[in-house]
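Read through the structure below, which is laid out as structure tokens, and then see the notes.
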Amino acid sequence: MSAVQATGSTGSTGRRPAAKPPRRSPFAWLREHVVLILGILVLAYTFVPIAVVVLMSFNEPISEQSKIYEFNGFTLDNWLNPCEDPSMCSALGRSIEIGLLATLLATLLGTLAAFALVRHQFKGRSTSNLLIFMPMAAPEIVLGSSLLAMFVAAGLAGQLGFWTIFIAHVMFCLSFVVVTVRARLAGMDDALEQAAMDLYATPAQTFWKITFPLVFPGILGAAMLSFSLSFDDFIVTNLNSGNTTTFPMYVWGVSRRSVPMQINVVGTVMIVISLAIVLIGQSRARRQAA
Amino acid sequence: MSQAADKQAVERTGGSTTLGKDDHTTYDGLRLRALTKSFATFTAVDDLDLDVPRGSFFALLGPSGCGKTTTLRMVAGLETPTSGTILLAGDDITATKPYQRPVNTVFQSYALFPHLDIFENVAFGLRRRKQKNVESEVKEMLDLVELGPQARKRPAQLSGGQQQRVALARALINKPEVLLLDEPLGALDLKLRRSMQIELKRIQTEVGLTFIHVTHDQEEAMTMADTVAVMNKGVIEQMGAPADLYENPRSTFVANFLGQSNLIDGTVVGRSGDVVTMDMHGTPVSVPAGRSHTASERGWIGIRPEKVLIGAPGEALDAPGNTIPGGIVTDVSFFGVSTQYLVRMPWGQELQVFQQNTGRVTIFRKGDAVELSWRPEYAFLLDHAQDASAGADKVGADG
Ligand SMILES: Nc1ncnc2c1ncn2[C@@H]1O[C@H](COP(=O)(O)OP(=O)(O)O)[C@@H](O)[C@H]1O
Ligand SMILES: [Mg+2]
């Protein structure tokens, strides 16, 4: 910035009339915009795969022989018949179902655990704080296989399926919920709740009028994180699923044959939903600040 | 009302608490008795007795960490006392919950609810108690603190001074028996602080509630309060009207923490009637008996710098006391309204002298030989066992 100004000022001194804009070297322009250019490149890098997914959702089906993933021609067929392969839609439904249930339970338990860890002094509190990180730190393959070993040891080898997947998902989502809600809660000034009590709010009123509304964004964020973690988990799910197929497992299965273009429709819808949630959140935050 | 405060101060000066149990039910102010709060390894408030007259502007003054906040929190019910009792208008409220006490607090950090607008912040207490006329009362209160137009803004959109006024309005609207203010002006810059001090005092006079104002700023305490209690290390050192505390401090801590004092080593020569005669490094000086706070043979003779008169050797100083010769000026600071000198005395001690610039005084220069004197009735005598520098390193007193 300062370099640009220096160039500009030397250019406008002396013989040249001041009204005439100074001539600038192309390097100066580059220097001024280097951050912007880099930013655009980085964004492009992250957006290209998304753009491909959106584009492919309008692609003509790929022929069995070619097996090359390329754009054959524009069609709306994929959007009009998303469930052309019924097994895809049933896998998708199952994933959403597991995602919602696991999110519900993990968010509930995780929020309660976070409150306990932040608000109460008890024996083993610091140990619990540490142990809560374990499922996040452990490699998924280790988590998945040890869970499987546990289910088998418990005599559930024949029952692997929907409920074992659900249990596994709640397990790994829980840590993320605890960590997210705990951070929000720890960042909250204790004096707020004390002020509420000082202003004649009973403990229950204090919780519902002050604590909960202030922690809610953290809980919501944790729930969204849980759902996306559950929705796209493959490794742990695959090990504990028995004969049940979730959406990521379906994609994995068909990717070795030809991939139905409807997968891109699902992908595009997911992207649009996430984008909508982010935009709504942002506009609400902006309205509150304004 | 300031008479009540004076009377209270006299009672306190008389020694330990001698009030009987039956007096408690008739006292209409806030009364703390033997209040103690110990944390795991540390006693923050130690056997504290305090009476705050109803309707007074009461300042709790002390250095940081002396237990002021802990005391307030116990009164508000946010901290459970280790022992002792809290009585409010005759009722024992020691064991009641914060939301059951007719006490409200202006928190040091303001603690405004960030998700509620200014109106709802102020209305919070009224709504919890299912009061009627919330709308009109909140409007009235917002007008009192001049925040009417900001009613629908959120706390984060206000300046520090405005947030401070919201915190005040939010507490005040409940018309508590006692309003607790924990360093409410601490986060404001000096200029804003001065104008808020006047504002607070105006509001207190207008609403007539009991204010307990905690501060570590001695100037703030003295200008605002009817009664000041000086707190140090968990106990009240002295309590009384600001002028009484300033003119007649009872401990070296109060002498140094409230303004500045020269404390000079002296030996008692005789006590007769209402005068204590002292030998101060060879010069006989006297102190009124009512301003003597030690019974031992040695003591600190105290004199405020502005009470000390300075003159050239042989010059007649307007004081009936003895002249103390042999001073050498070691430092001169010219402040316009006054000149502040440091004078080294023959016994090695440097004394502070503030001289008013009346226009008729000579301004001395560094190295000049001078004599000092003061009127005996301005001197006070303190216990020699106390640290002469206690309270001298006041923290942040007037930024
Ligand atoms: N919850 C607590 N646990 C341990 N010590 C505390 C706690 N609260 C305050 N203290 C200690 O008690 C002393 C008095 O604190 P406080 O009342 O906040 O002082 P002040 O408000 O006068 O600055 C301080 O030394 C502080 O460290
Ligand atoms: Mg404090």
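Chain lettering (A, B, ...) mirrors the order of the structure tokens, residue numbering begins at 1 for each chain separately, and ligand numbering begins at 1 in order of display.
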
Restrict the distance test to only C-alpha atoms, flag each residue of chain B within 6 Å of chain A, and return the flagged residues as a list in words.
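For chain B, the answer reads Pro98, Tyr99, Asn104, Ala111, Gly125 and Arg128 of chain B.
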
Residues of chain B that approach ligand 2 to 8 Å or less, counting only C-alpha atoms and all ligand atoms: could you list each one with the shortest pair of atoms and its distance in Å to one decimal, rows by chain and increasing residue number, as JSON lines?
{"residue": "B:Ser64", "atom": "CA", "partner": "ligand 2", "partner_atom_place_in_ligand_line": "1 (Mg)", "distance": 6.5}
{"residue": "B:Gly65", "atom": "CA", "partner": "ligand 2", "partner_atom_place_in_ligand_line": "1 (Mg)", "distance": 6.7}
{"residue": "B:Gly67", "atom": "CA", "partner": "ligand 2", "partner_atom_place_in_ligand_line": "1 (Mg)", "distance": 7.2}
{"residue": "B:Lys68", "atom": "CA", "partner": "ligand 2", "partner_atom_place_in_ligand_line": "1 (Mg)", "distance": 5.8}
{"residue": "B:Thr69", "atom": "CA", "partner": "ligand 2", "partner_atom_place_in_ligand_line": "1 (Mg)", "distance": 4.2}
{"residue": "B:Thr70", "atom": "CA", "partner": "ligand 2", "partner_atom_place_in_ligand_line": "1 (Mg)", "distance": 7.4}
{"residue": "B:Gln108", "atom": "CA", "partner": "ligand 2", "partner_atom_place_in_ligand_line": "1 (Mg)", "distance": 7.5}
{"residue": "B:Asp182", "atom": "CA", "partner": "ligand 2", "partner_atom_place_in_ligand_line": "1 (Mg)", "distance": 6.6}
{"residue": "B:Glu183", "atom": "CA", "partner": "ligand 2", "partner_atom_place_in_ligand_line": "1 (Mg)", "distance": 7.0}
{"residue": "B:Val214", "atom": "CA", "partner": "ligand 2", "partner_atom_place_in_ligand_line": "1 (Mg)", "distance": 7.8}

Quick one: write out the picked residues with N, CA and C atoms as a PDB file, in the first residue's frame?
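Once written, part_24.pdb looks like this:
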ATOM      1  N   SER B  64      -7.509  -2.466  46.313  1.00  0.00           N
ATOM      2  CA  SER B  64      -7.921  -3.663  45.592  1.00  0.00           C
ATOM      3  C   SER B  64      -7.567  -4.912  46.410  1.00  0.00           C
ATOM      4  N   GLY B  65      -8.508  -5.833  46.506  1.00  0.00           N
ATOM      5  CA  GLY B  65      -8.241  -7.097  47.204  1.00  0.00           C
ATOM      6  C   GLY B  65      -8.523  -7.048  48.695  1.00  0.00           C
ATOM      7  N   GLY B  67     -11.441  -6.976  50.131  1.00  0.00           N
ATOM      8  CA  GLY B  67     -12.662  -7.684  50.493  1.00  0.00           C
ATOM      9  C   GLY B  67     -13.944  -6.904  50.242  1.00  0.00           C
ATOM     10  N   LYS B  68     -13.880  -5.820  49.507  1.00  0.00           N
ATOM     11  CA  LYS B  68     -15.076  -5.007  49.253  1.00  0.00           C
ATOM     12  C   LYS B  68     -16.119  -5.787  48.451  1.00  0.00           C
ATOM     13  N   THR B  69     -15.682  -6.377  47.328  1.00  0.00           N
ATOM     14  CA  THR B  69     -16.616  -7.121  46.487  1.00  0.00           C
ATOM     15  C   THR B  69     -17.221  -8.288  47.256  1.00  0.00           C
ATOM     16  N   THR B  70     -16.398  -8.981  48.024  1.00  0.00           N
ATOM     17  CA  THR B  70     -16.889 -10.119  48.796  1.00  0.00           C
ATOM     18  C   THR B  70     -17.971  -9.665  49.774  1.00  0.00           C
ATOM     19  N   GLN B 108     -19.721  -4.711  38.627  1.00  0.00           N
ATOM     20  CA  GLN B 108     -18.505  -4.064  38.148  1.00  0.00           C
ATOM     21  C   GLN B 108     -18.395  -4.187  36.627  1.00  0.00           C
ATOM     22  N   ASP B 182     -20.761  -1.838  42.739  1.00  0.00           N
ATOM     23  CA  ASP B 182     -19.397  -2.346  42.858  1.00  0.00           C
ATOM     24  C   ASP B 182     -18.490  -1.654  41.842  1.00  0.00           C
ATOM     25  N   GLU B 183     -17.738  -0.704  42.294  1.00  0.00           N
ATOM     26  CA  GLU B 183     -16.857   0.099  41.433  1.00  0.00           C
ATOM     27  C   GLU B 183     -17.549   0.419  40.108  1.00  0.00           C
ATOM     28  N   VAL B 214     -19.008   0.965  46.330  1.00  0.00           N
ATOM     29  CA  VAL B 214     -17.678   0.429  46.566  1.00  0.00           C
ATOM     30  C   VAL B 214     -16.694   1.085  45.611  1.00  0.00           C
TER      31      VAL B 214
END

List every residue of segment 147-338 of chain B that DSSP, applied to the backbone, labels as strand (DSSP E or B), and write the result as an mmCIF file with C-alpha atoms, in the first residue's frame.
data_model
loop_
_atom_site.group_PDB
_atom_site.id
_atom_site.type_symbol
_atom_site.label_atom_id
_atom_site.label_comp_id
_atom_site.auth_asym_id
_atom_site.auth_seq_id
_atom_site.Cartn_x
_atom_site.Cartn_y
_atom_site.Cartn_z
ATOM 1 C CA VAL B 178 -30.251 -1.170 49.421
ATOM 2 C CA LEU B 179 -28.552 -0.563 46.091
ATOM 3 C CA LEU B 180 -25.072 -2.041 45.842
ATOM 4 C CA LEU B 181 -22.650 -0.469 43.397
ATOM 5 C CA ASP B 182 -19.397 -2.346 42.858
ATOM 6 C CA THR B 210 -29.680 3.609 50.377
ATOM 7 C CA PHE B 211 -26.601 3.384 48.149
ATOM 8 C CA ILE B 212 -23.534 1.384 49.072
ATOM 9 C CA HIS B 213 -20.853 2.491 46.702
ATOM 10 C CA VAL B 214 -17.678 0.429 46.566
ATOM 11 C CA THR B 215 -14.576 2.132 45.268
ATOM 12 C CA THR B 227 -20.399 8.250 55.243
ATOM 13 C CA VAL B 228 -17.184 6.550 54.239
ATOM 14 C CA ALA B 229 -15.965 3.261 55.672
ATOM 15 C CA VAL B 230 -12.292 2.630 55.020
ATOM 16 C CA MET B 231 -11.637 -1.064 54.614
ATOM 17 C CA ASN B 232 -8.285 -2.782 54.761
ATOM 18 C CA VAL B 235 -11.726 -5.221 58.334
ATOM 19 C CA ILE B 236 -13.134 -1.694 58.644
ATOM 20 C CA GLU B 237 -10.311 0.582 59.754
ATOM 21 C CA GLN B 238 -12.447 3.654 60.350
ATOM 22 C CA MET B 239 -15.846 4.980 59.473
ATOM 23 C CA GLY B 240 -17.351 8.436 59.459
ATOM 24 C CA ASN B 262 3.454 13.445 57.128
ATOM 25 C CA LEU B 263 4.022 10.954 59.946
ATOM 26 C CA ILE B 264 6.841 11.946 62.289
ATOM 27 C CA ASP B 265 8.306 9.872 65.086
ATOM 28 C CA GLY B 266 7.689 11.422 68.534
ATOM 29 C CA THR B 267 7.779 10.644 72.257
ATOM 30 C CA VAL B 268 5.069 11.581 74.748
ATOM 31 C CA VAL B 269 6.331 14.071 77.332
ATOM 32 C CA GLY B 270 3.097 14.682 79.150
ATOM 33 C CA ARG B 271 -0.642 14.280 78.987
ATOM 34 C CA SER B 272 -2.638 17.024 80.659
ATOM 35 C CA VAL B 275 -3.515 18.193 75.261
ATOM 36 C CA VAL B 276 -0.795 15.616 74.689
ATOM 37 C CA THR B 277 2.675 17.155 74.689
ATOM 38 C CA MET B 278 5.251 15.442 72.518
ATOM 39 C CA ASP B 279 8.934 15.656 71.921
ATOM 40 C CA MET B 280 9.529 15.562 68.184
ATOM 41 C CA THR B 283 11.121 20.252 69.294
ATOM 42 C CA PRO B 284 8.170 20.249 71.717
ATOM 43 C CA VAL B 285 4.834 19.942 69.899
ATOM 44 C CA SER B 286 1.312 19.367 71.158
ATOM 45 C CA VAL B 287 -1.616 17.343 69.867
ATOM 46 C CA PRO B 288 -5.259 17.653 71.029
ATOM 47 C CA SER B 292 -4.606 11.181 69.964
ATOM 48 C CA ARG B 298 5.838 6.683 71.384
ATOM 49 C CA GLY B 299 3.674 7.678 68.482
ATOM 50 C CA TRP B 300 3.461 9.008 64.962
ATOM 51 C CA ILE B 301 2.716 12.719 64.926
ATOM 52 C CA GLY B 302 0.612 13.264 61.831
ATOM 53 C CA ILE B 303 0.102 16.450 59.903
ATOM 54 C CA LEU B 309 3.416 26.369 56.853
ATOM 55 C CA ILE B 310 6.767 27.092 55.256
ATOM 56 C CA GLY B 311 8.959 30.202 55.636
ATOM 57 C CA ILE B 324 10.793 23.565 63.490
ATOM 58 C CA PRO B 325 14.072 24.895 62.126
ATOM 59 C CA GLY B 326 16.751 23.397 59.905
ATOM 60 C CA GLY B 327 14.776 22.342 56.817
ATOM 61 C CA ILE B 328 16.300 22.233 53.342
ATOM 62 C CA VAL B 329 14.061 22.242 50.267
ATOM 63 C CA THR B 330 14.912 19.166 48.185
ATOM 64 C CA ASP B 331 12.127 19.269 45.589
ATOM 65 C CA VAL B 332 9.710 21.858 44.253
ATOM 66 C CA SER B 333 6.682 21.130 42.055
ATOM 67 C CA PHE B 334 4.718 24.119 40.851
ATOM 68 C CA SER B 338 -0.320 25.391 44.758
#

Tell me which protein, DNA and RNA residues are within 10 Å of Phe227 of chain A, counting only C-alpha atoms, leaving out same-chain ones fewer than 4 positions away, and put them as a compact mmCIF listing (two decimals) with all heavy atoms, in the first residue's frame.
# COMPACT_ATOMS: atom_id res chain seq x y z
N SER A 95 -29.84 -42.90 6.30
CA SER A 95 -28.81 -41.99 6.80
C SER A 95 -29.42 -40.78 7.51
O SER A 95 -28.95 -40.35 8.56
CB SER A 95 -27.91 -41.50 5.66
OG SER A 95 -26.82 -42.35 5.51
N ILE A 96 -30.49 -40.24 6.88
CA ILE A 96 -31.13 -39.07 7.50
C ILE A 96 -31.75 -39.45 8.84
O ILE A 96 -31.61 -38.75 9.85
CB ILE A 96 -32.19 -38.49 6.54
CG1 ILE A 96 -31.49 -37.88 5.32
CG2 ILE A 96 -33.04 -37.43 7.24
CD1 ILE A 96 -32.42 -37.38 4.24
N ILE A 98 -30.93 -42.00 10.88
CA ILE A 98 -29.88 -42.21 11.89
C ILE A 98 -29.29 -40.88 12.30
O ILE A 98 -29.07 -40.61 13.49
CB ILE A 98 -28.77 -43.14 11.34
CG1 ILE A 98 -29.32 -44.56 11.15
CG2 ILE A 98 -27.57 -43.16 12.28
CD1 ILE A 98 -28.36 -45.50 10.45
N GLY A 99 -29.05 -40.00 11.31
CA GLY A 99 -28.46 -38.69 11.60
C GLY A 99 -29.31 -37.90 12.57
O GLY A 99 -28.80 -37.36 13.56
N LEU A 100 -30.63 -37.86 12.32
CA LEU A 100 -31.50 -37.07 13.19
C LEU A 100 -31.57 -37.67 14.60
O LEU A 100 -31.45 -36.94 15.59
CB LEU A 100 -32.91 -36.99 12.58
CG LEU A 100 -33.02 -36.12 11.33
CD1 LEU A 100 -34.45 -36.17 10.77
CD2 LEU A 100 -32.61 -34.68 11.62
N LEU A 101 -31.73 -39.00 14.66
CA LEU A 101 -31.84 -39.64 15.98
C LEU A 101 -30.54 -39.49 16.77
O LEU A 101 -30.56 -39.14 17.96
CB LEU A 101 -32.19 -41.12 15.83
CG LEU A 101 -33.64 -41.41 15.45
CD1 LEU A 101 -33.83 -42.90 15.19
CD2 LEU A 101 -34.58 -40.94 16.56
N ALA A 102 -29.41 -39.74 16.10
CA ALA A 102 -28.13 -39.65 16.79
C ALA A 102 -27.88 -38.22 17.24
O ALA A 102 -27.39 -37.99 18.36
CB ALA A 102 -27.00 -40.12 15.87
N THR A 103 -28.25 -37.26 16.38
CA THR A 103 -28.07 -35.85 16.74
C THR A 103 -28.88 -35.50 17.98
O THR A 103 -28.40 -34.86 18.91
CB THR A 103 -28.50 -34.95 15.57
OG1 THR A 103 -27.64 -35.21 14.48
CG2 THR A 103 -28.43 -33.48 15.93
N LEU A 104 -30.12 -35.97 17.99
CA LEU A 104 -31.01 -35.67 19.10
C LEU A 104 -30.41 -36.16 20.42
O LEU A 104 -30.26 -35.40 21.39
CB LEU A 104 -32.37 -36.32 18.85
CG LEU A 104 -33.51 -35.81 19.72
CD1 LEU A 104 -33.86 -34.39 19.30
CD2 LEU A 104 -34.72 -36.72 19.58
N ALA A 106 -27.28 -37.29 21.06
CA ALA A 106 -25.93 -36.77 21.35
C ALA A 106 -26.01 -35.33 21.84
O ALA A 106 -25.31 -34.94 22.77
CB ALA A 106 -25.05 -36.86 20.11
N THR A 107 -26.89 -34.53 21.25
CA THR A 107 -26.99 -33.13 21.65
C THR A 107 -27.54 -33.02 23.07
O THR A 107 -27.04 -32.24 23.88
CB THR A 107 -27.90 -32.35 20.68
OG1 THR A 107 -27.42 -32.55 19.35
CG2 THR A 107 -27.90 -30.88 20.98
N HIS A 169 -22.76 -43.78 16.27
CA HIS A 169 -22.79 -42.35 15.90
C HIS A 169 -22.97 -41.46 17.12
O HIS A 169 -22.32 -40.41 17.23
CB HIS A 169 -23.91 -42.10 14.87
CG HIS A 169 -23.55 -42.58 13.51
ND1 HIS A 169 -24.16 -42.14 12.36
CD2 HIS A 169 -22.61 -43.47 13.10
CE1 HIS A 169 -23.62 -42.75 11.32
NE2 HIS A 169 -22.69 -43.56 11.74
N CYS A 173 -20.37 -38.47 18.11
CA CYS A 173 -20.92 -37.11 18.06
C CYS A 173 -20.85 -36.44 19.43
O CYS A 173 -20.68 -35.23 19.55
CB CYS A 173 -22.37 -37.12 17.60
SG CYS A 173 -22.53 -37.47 15.86
N GLY A 221 -25.31 -25.15 16.93
CA GLY A 221 -24.11 -25.45 16.16
C GLY A 221 -23.66 -26.88 16.38
O GLY A 221 -23.29 -27.60 15.44
N ALA A 222 -23.72 -27.31 17.65
CA ALA A 222 -23.32 -28.67 17.98
C ALA A 222 -24.23 -29.68 17.27
O ALA A 222 -23.77 -30.70 16.75
CB ALA A 222 -23.38 -28.88 19.49
N ALA A 223 -25.54 -29.38 17.24
CA ALA A 223 -26.48 -30.29 16.59
C ALA A 223 -26.20 -30.40 15.10
O ALA A 223 -26.20 -31.49 14.52
CB ALA A 223 -27.91 -29.81 16.83
N PHE A 231 -24.03 -38.05 9.18
CA PHE A 231 -24.51 -38.27 7.82
C PHE A 231 -23.41 -38.80 6.91
O PHE A 231 -23.65 -39.66 6.08
CB PHE A 231 -25.09 -36.97 7.25
CG PHE A 231 -25.72 -37.12 5.91
CD1 PHE A 231 -27.01 -37.63 5.81
CD2 PHE A 231 -25.04 -36.78 4.75
CE1 PHE A 231 -27.61 -37.79 4.57
CE2 PHE A 231 -25.62 -36.94 3.51
CZ PHE A 231 -26.92 -37.44 3.42
N ASP A 232 -22.18 -38.27 7.06
CA ASP A 232 -21.18 -38.72 6.10
C ASP A 232 -20.16 -39.68 6.68
O ASP A 232 -19.12 -39.92 6.08
CB ASP A 232 -20.54 -37.54 5.37
CG ASP A 232 -19.59 -36.74 6.24
OD1 ASP A 232 -19.21 -37.21 7.32
OD2 ASP A 232 -19.23 -35.65 5.83
N ASP A 233 -20.45 -40.25 7.86
CA ASP A 233 -19.48 -41.20 8.40
C ASP A 233 -19.48 -42.50 7.60
O ASP A 233 -20.53 -43.06 7.29
CB ASP A 233 -19.78 -41.52 9.86
CG ASP A 233 -18.74 -42.46 10.41
OD1 ASP A 233 -17.63 -41.99 10.67
OD2 ASP A 233 -19.03 -43.67 10.51

One number please: atom CA of Cys89 of chain A to atom CA of Pro248 of chain A, in Å, one decimal.
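Taking atom CA of Cys89 of chain A and atom CA of Pro248 of chain A, their separation equals 11.8 Å.
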
Expressed in Å to a single decimal, how great is the separation between atom CA of Leu172 of chain B and atom CA of Ile203 of chain B?
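Between these atoms lies a distance of 9.5 Å.
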
May I have all residues of segment 77-209 of chain A that DSSP, computed from the backbone, assigns to alpha helix (DSSP H), given as a PyMOL selection string?
chain A and resi 77-80+86-119+125-131+134-137+140-153+162-186+190-198+203-206

Selection export as a CSV table (one decimal), in the first residue's frame, atoms kept: C-alpha atoms:
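Contents of the output file again-v1.csv:
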chain,number,residue,atom,x,y,z
A,77,ASP,CA,-33.9,-36.2,-15.6
A,78,ASN,CA,-31.8,-36.7,-12.5
A,79,TRP,CA,-33.7,-34.0,-10.7
A,80,LEU,CA,-37.1,-35.3,-11.9
A,86,PRO,CA,-34.6,-47.2,-5.1
A,87,SER,CA,-31.7,-48.5,-3.1
A,88,MET,CA,-30.1,-45.1,-3.2
A,89,CYS,CA,-33.1,-43.4,-1.8
A,90,SER,CA,-33.6,-46.0,0.9
A,91,ALA,CA,-30.0,-45.6,1.9
A,92,LEU,CA,-30.4,-41.9,1.9
A,93,GLY,CA,-33.5,-42.2,4.1
A,94,ARG,CA,-31.7,-44.4,6.5
A,95,SER,CA,-28.8,-42.0,6.8
A,96,ILE,CA,-31.1,-39.1,7.5
A,97,GLU,CA,-33.0,-41.1,10.1
A,98,ILE,CA,-29.9,-42.2,11.9
A,99,GLY,CA,-28.5,-38.7,11.6
A,100,LEU,CA,-31.5,-37.1,13.2
A,101,LEU,CA,-31.8,-39.6,16.0
A,102,ALA,CA,-28.1,-39.7,16.8
A,103,THR,CA,-28.1,-35.8,16.7
A,104,LEU,CA,-31.0,-35.7,19.1
A,105,LEU,CA,-29.5,-38.0,21.7
A,106,ALA,CA,-25.9,-36.8,21.4
A,107,THR,CA,-27.0,-33.1,21.6
A,108,LEU,CA,-29.1,-33.8,24.7
A,109,LEU,CA,-26.5,-35.9,26.5
A,110,GLY,CA,-23.6,-33.7,25.4
A,111,THR,CA,-25.3,-30.5,26.5
A,112,LEU,CA,-26.0,-31.9,29.9
A,113,ALA,CA,-22.4,-33.2,30.2
A,114,ALA,CA,-21.1,-29.8,29.2
A,115,PHE,CA,-23.1,-28.0,31.9
A,116,ALA,CA,-21.9,-30.5,34.5
A,117,LEU,CA,-18.3,-30.0,33.4
A,118,VAL,CA,-18.4,-26.2,33.4
A,119,ARG,CA,-20.7,-25.5,36.3
A,125,ARG,CA,-13.9,-33.4,36.6
A,126,SER,CA,-10.5,-32.6,35.1
A,127,THR,CA,-10.1,-36.3,34.1
A,128,SER,CA,-13.5,-36.2,32.4
A,129,ASN,CA,-12.6,-33.0,30.6
A,130,LEU,CA,-9.6,-34.8,29.2
A,131,LEU,CA,-11.3,-38.1,28.4
A,134,MET,CA,-10.4,-39.2,23.3
A,135,PRO,CA,-13.1,-40.1,20.7
A,136,MET,CA,-12.1,-37.0,18.7
A,137,ALA,CA,-8.4,-37.8,18.9
A,140,GLU,CA,-11.9,-43.7,13.3
A,141,ILE,CA,-10.7,-47.1,12.2
A,142,VAL,CA,-9.6,-47.8,15.8
A,143,LEU,CA,-12.9,-46.6,17.2
A,144,GLY,CA,-14.9,-48.6,14.6
A,145,SER,CA,-13.0,-51.8,15.1
A,146,SER,CA,-13.1,-51.7,18.9
A,147,LEU,CA,-16.8,-51.0,18.8
A,148,LEU,CA,-17.3,-53.9,16.6
A,149,ALA,CA,-15.2,-56.1,18.9
A,150,MET,CA,-17.3,-54.9,21.8
A,151,PHE,CA,-20.6,-55.6,20.0
A,152,VAL,CA,-19.4,-59.1,19.1
A,153,ALA,CA,-18.2,-59.7,22.6
A,162,PHE,CA,-29.6,-49.7,12.4
A,163,TRP,CA,-29.2,-49.6,16.2
A,164,THR,CA,-25.5,-50.5,16.3
A,165,ILE,CA,-24.9,-47.7,13.8
A,166,PHE,CA,-27.0,-45.4,15.9
A,167,ILE,CA,-25.1,-46.2,19.1
A,168,ALA,CA,-21.7,-45.7,17.3
A,169,HIS,CA,-22.8,-42.4,15.9
A,170,VAL,CA,-24.0,-41.1,19.2
A,171,MET,CA,-20.7,-42.1,20.7
A,172,PHE,CA,-18.5,-40.0,18.4
A,173,CYS,CA,-20.9,-37.1,18.1
A,174,LEU,CA,-21.1,-36.8,21.8
A,175,SER,CA,-17.5,-35.5,22.2
A,176,PHE,CA,-18.1,-32.8,19.6
A,177,VAL,CA,-21.3,-31.6,21.3
A,178,VAL,CA,-19.6,-31.5,24.7
A,179,VAL,CA,-16.6,-29.5,23.3
A,180,THR,CA,-18.8,-27.0,21.4
A,181,VAL,CA,-21.3,-26.4,24.1
A,182,ARG,CA,-18.6,-26.3,26.8
A,183,ALA,CA,-16.8,-23.6,24.9
A,184,ARG,CA,-19.9,-21.5,24.6
A,185,LEU,CA,-20.8,-21.9,28.2
A,186,ALA,CA,-17.3,-21.2,29.4
A,190,ASP,CA,-21.0,-15.8,35.3
A,191,ALA,CA,-22.1,-12.4,36.4
A,192,LEU,CA,-25.1,-12.6,33.9
A,193,GLU,CA,-26.7,-15.4,35.8
A,194,GLN,CA,-25.9,-13.7,39.1
A,195,ALA,CA,-27.4,-10.5,37.8
A,196,ALA,CA,-30.6,-12.4,36.9
A,197,MET,CA,-30.9,-13.9,40.4
A,198,ASP,CA,-30.2,-10.5,41.8
A,203,PRO,CA,-33.0,-20.6,39.4
A,204,ALA,CA,-35.5,-21.9,36.8
A,205,GLN,CA,-36.3,-18.5,35.4
A,206,THR,CA,-32.6,-17.7,35.3

Contacts of Asn264 of chain A at 12 Å (only C-alpha atoms; same-chain gap of 3+ positions) as an NGL selection string
:A and (49-61 or 78-79 or 82 or 88 or 251 or 259-261 or 267-271)

Which of these residues is nearest to Ala316 of chain B, using only C-alpha atoms: B:Gln352, B:Ser373, B:Thr339, B:Thr362?
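Closest residue, counting only C-alpha atoms: B:Ser373.
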